[in-house]
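Chemist: Below: one structure in structure tokens.
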Amino acid sequence: MKSNLKAHIQGGQTPSGKVRVSGAKNASTRLLSAALIADETVTLNNFPTELVDARYKMDFIEKCGGKVTVDEKLESVTVNPADYKDIELADYNYPIRTTYLLVAGLIKRSGIARIPYPGGCKIGDRGYDLHMMVWQQLGATVTEKPDYIEVSAPNGFQPGEINFPISTIGGTENALISASIVDGETIIKNAYISPEVDSLIQFLRTLGAKIDVVGNSFIRVVGAKYLRGSIFQVMPDRIEAITWIVYGIISGGRITVEDVPFDTMEIPLIHLKHMGIDLYRNDKNVIVSPECLTNGQIQPFELACGTHPGIISDMQPFYTMLGLHANGKSRIFDYRYPERLKYCGELNKFYDNALTWTPGAITVEGGKGITSADAQSTDLRGSMAVVIAGLLAKGNSTIHNVEMALRGYNNMEQKLRNLGVTITVE
């Protein structure tokens with residue numbers, strides 16, 4: 001993936017047409033890692049094949065002997081993990097935050113795993129201490145080397161009990177995949193079962209792992225030495241869905257958003273209704289048009305981001321965008337990731353300093369208008385909000401380091417073209 005990419009945007013284009021939500025980034029990249037513990041071939045359908053994070057992970061897998069076949073037309077990925085094993089690489093510089101999920105497949109075949117330090121978005125201190133705890137609780141030795149993390153378990157992972165001090169999606173995913181190769185029972189306490197984690201559980205069951213869930217935080221896993229192959233459907237991306245819905249609302253365009261995972265978005269969509277937004281929908285699709293605004297305006301609001309089933313932190317920038325176009329002052333709170341704020345400074349370049357913030361709290365002055373700007377990408381979702389601001393503002397805007405947005409949106413440029421909107425990335 002190239003770095004320092006710029007998006008040149010002629011703003012003020014009104015979108016019209018259809019856009020289909022791709023397979024979820026936060027599910028597909030996890031499933032790709034989980035496929036490496038199988039003993040047979042795995043096929044993942046509805047896979048976002050152009051996703052930059054997925055391509056980085058595929059590159060690492062292939063350098064370690066695994067075989068990955070990508071079919072862009074059918075949007076599927078086939079993984080043959082038979083030869084996936086630990087190989088000391090010349091370069092461990094991979095900008096992937098979920099590198100820790102690559103460990104279990106290497107431990108299964110090599111008894112040792114050397115993986116890159118987690119990279120990705122800098123939205124606060126997320127660390128990797130909980131992942132070290134997972135491996136240690138399953139009997140491994142963890143050593144932090146200058147260029148990589150080394151996990152050693154010559155006899156494989158052993159049964160254990162993992163009790164997270166805080167709820168953690170990444171830690172829960174790591175524990176599930178690691179426990180699935182253990183020939184015995186592992187207990188996971190204080191787990192965090194998001195829709196993407198639930199999808200991972202369903203996938204691991206297809207491989208042959210026995211997984212019981214009690215409530216939303218207790219998991220019992222009985223793994224197996226031999227895990228069969230699978231053909232599995234990646235769930236649609238709920239964050240991408242809310243992105244296109246919000247873009248349709250604030251652009252005044254007419255967009256049909258296809259393959260919306262309504263069952264994972266109930267509360268986020270309820271908040272839209274409370275803002276005076278009445279969406280037209282059937283079982284899978286949403287039609288967004290100016291008629292969706294009950295009295296012609298977005299109503300100001302106050303909301304807090306948190307865990308599923310509420311508005312998750314990754315959706316925060318798009319509710320900020322709604323607040324910027326609302327008729328009054330809105331407030332957004334996020335104490336789970338209180339430092340997710342860098343994008344606010346970039347949006348202020350478009351919206352005449354309409355945003356003020358302190359850690360965990362954003363105040364939005366709606367209705368200030370928008371002008372074109374030269375802005376920087378920040379974290380992945382915040383970068384997409386900045387891109388949307390450029391699309392809305394009349395005149396020419398430039399978004400620097402736009403590869404941050406490309407990391408999370410499969411085939412973004414083509415999808416915009418399908419809506420009659422063009423941007424130039426170079």
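In the structure tokens, chains take letters A, B, ... by order of appearance, with residues numbered from 1 within each chain and ligands from 1 in the order shown.
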I need the residues of stretch 256-393 of chain A that end up classed as alpha helix (DSSP H) by DSSP on the backbone, written out as a ChimeraX atom specification.
Modeler: /A:266-274,316-324,342-350,380-392
Chemist: Excluding A:Val197 and its own-chain neighbours fewer than 5 positions away, which residues fall within 12 Å of it when counting only C-alpha atoms? Please give them as JSON, numbers by chain.
Modeler: {"A": [24, 26, 27, 28, 29, 30, 31, 34, 168, 169, 170, 171, 172, 173, 174, 175, 176, 177, 191, 192, 202, 203, 204, 213, 216, 217, 219, 234, 235, 264, 308]}
Chemist: Pick from A:Ile362, A:Ile61, A:Leu269, A:Ile187: nearest to A:Tyr343, with only C-alpha atoms counted?
Modeler: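 Going through A:Ile362, A:Ile61, A:Leu269, A:Ile187 one by one, the smallest distance to A:Tyr343 is for A:Ile362.
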Chemist: Can you work out which one of A:Ser180, A:Asn46, A:Ser110, A:Asn295 has the shortest atom-to-atom distance to A:Gly65, counting only C-alpha atoms?
Modeler: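 Between A:Ser180, A:Asn46, A:Ser110, A:Asn295, the residue approaching A:Gly65 most closely is A:Ser110.
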Chemist: Please identify all polymer residues within 7 Å of A:Tyr94, counting only C-alpha atoms, omitting same-chain residues fewer than 2 positions from it, and present them as an NGL selection string.
Modeler: :A and (56 or 92 or 96 or 116 or 119)
Chemist: Between atom CA of A:Gly360 and atom CA of A:Asp237, what is the distance, to one decimal in Å?
Modeler: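 According to the coordinates, atom CA of A:Gly360 and atom CA of A:Asp237 are separated by 25.1 Å.
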Chemist: Pull the strand (DSSP E or B) assignments for stretch 248-282 of chain A out of DSSP run on the backbone, and list those residues as a PyMOL selection string.
Modeler: chain A and resi 254-258+277+280-281
Chemist: Give me a file of those residues, with N, CA and C atoms, as a PDB file, in the first residue's frame.
Modeler:
```pdb
ATOM      1  N   ARG A 254     -29.700  11.127  -3.154  1.00  0.00           N
ATOM      2  CA  ARG A 254     -30.655  10.008  -3.150  1.00  0.00           C
ATOM      3  C   ARG A 254     -29.852   8.731  -3.336  1.00  0.00           C
ATOM      4  N   ILE A 255     -29.700   8.002  -2.250  1.00  0.00           N
ATOM      5  CA  ILE A 255     -28.841   6.826  -2.222  1.00  0.00           C
ATOM      6  C   ILE A 255     -29.622   5.621  -1.735  1.00  0.00           C
ATOM      7  N   THR A 256     -29.462   4.519  -2.435  1.00  0.00           N
ATOM      8  CA  THR A 256     -29.940   3.239  -1.924  1.00  0.00           C
ATOM      9  C   THR A 256     -28.737   2.492  -1.360  1.00  0.00           C
ATOM     10  N   VAL A 257     -28.756   2.244  -0.066  1.00  0.00           N
ATOM     11  CA  VAL A 257     -27.671   1.508   0.599  1.00  0.00           C
ATOM     12  C   VAL A 257     -28.120   0.057   0.739  1.00  0.00           C
ATOM     13  N   GLU A 258     -27.393  -0.839   0.075  1.00  0.00           N
ATOM     14  CA  GLU A 258     -27.776  -2.247   0.021  1.00  0.00           C
ATOM     15  C   GLU A 258     -26.982  -3.084   1.018  1.00  0.00           C
ATOM     16  N   ILE A 277     -34.990  11.845  11.615  1.00  0.00           N
ATOM     17  CA  ILE A 277     -34.654  11.194  10.347  1.00  0.00           C
ATOM     18  C   ILE A 277     -35.484   9.920  10.218  1.00  0.00           C
ATOM     19  N   TYR A 280     -36.426   5.149   4.820  1.00  0.00           N
ATOM     20  CA  TYR A 280     -37.217   4.184   4.073  1.00  0.00           C
ATOM     21  C   TYR A 280     -36.397   2.899   3.954  1.00  0.00           C
ATOM     22  N   ARG A 281     -36.966   1.759   4.334  1.00  0.00           N
ATOM     23  CA  ARG A 281     -36.164   0.546   4.349  1.00  0.00           C
ATOM     24  C   ARG A 281     -37.029  -0.690   4.129  1.00  0.00           C
TER      25      ARG A 281
END
```
Chemist: For A:Lys85, work out the shell of residues within 12 Å, counting only C-alpha atoms and skipping chain neighbours fewer than 3 positions away, then give it as a list in words.
Modeler: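 Here the qualifying residues turn out to be Leu36, Ile37, Phe60, Ile61, Glu62, Lys63, Cys64, Gly65, Gly66, Lys67, Pro81, Ala82, Glu88, Leu89, Leu102, Val103, Ala104, Gly105, Leu106, Ile107, Lys108, Arg109, Ser110, Gly111, Ile112, Ala113, Arg114 and Ile115 of chain A.
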Chemist: Within 8 Å of A:Ser383, counting only C-alpha atoms, which residues qualify if same-chain residues fewer than 4 places away don't, as a PyMOL selection string?
Modeler: chain A and resi 343+376-379+387+402+404-405
Chemist: Go ahead and dump the residues you just picked, C-alpha atoms, as a PDB file, in the first residue's frame.
Modeler:
```
ATOM      1  CA  TYR A 343     -10.130  14.380  13.318  1.00  0.00           C
ATOM      2  CA  GLN A 376      -4.968  15.698   6.992  1.00  0.00           C
ATOM      3  CA  SER A 377      -6.201  12.181   7.586  1.00  0.00           C
ATOM      4  CA  THR A 378      -6.053  11.010  11.207  1.00  0.00           C
ATOM      5  CA  ASP A 379      -7.503   7.723  12.435  1.00  0.00           C
ATOM      6  CA  VAL A 387     -13.258  12.888   3.102  1.00  0.00           C
ATOM      7  CA  VAL A 402      -5.959   9.494   2.575  1.00  0.00           C
ATOM      8  CA  MET A 404      -5.973   5.948   6.269  1.00  0.00           C
ATOM      9  CA  ALA A 405      -9.538   6.012   4.919  1.00  0.00           C
TER      10      ALA A 405
END
```
Chemist: Please determine, counting only C-alpha atoms, which residue among A:Leu44, A:Ala153, A:Met412, A:Ala326 has the shortest atom-to-atom distance to A:Glu240.
Modeler: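 Answer, going by the shortest atom-to-atom distance: A:Met412.
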Chemist: Atom CA of A:Val288 and atom CA of A:Ile245, how far apart in Å?
Modeler: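 Result for atom CA of A:Ile245 versus atom CA of A:Val288: 6.7 Å, one decimal.
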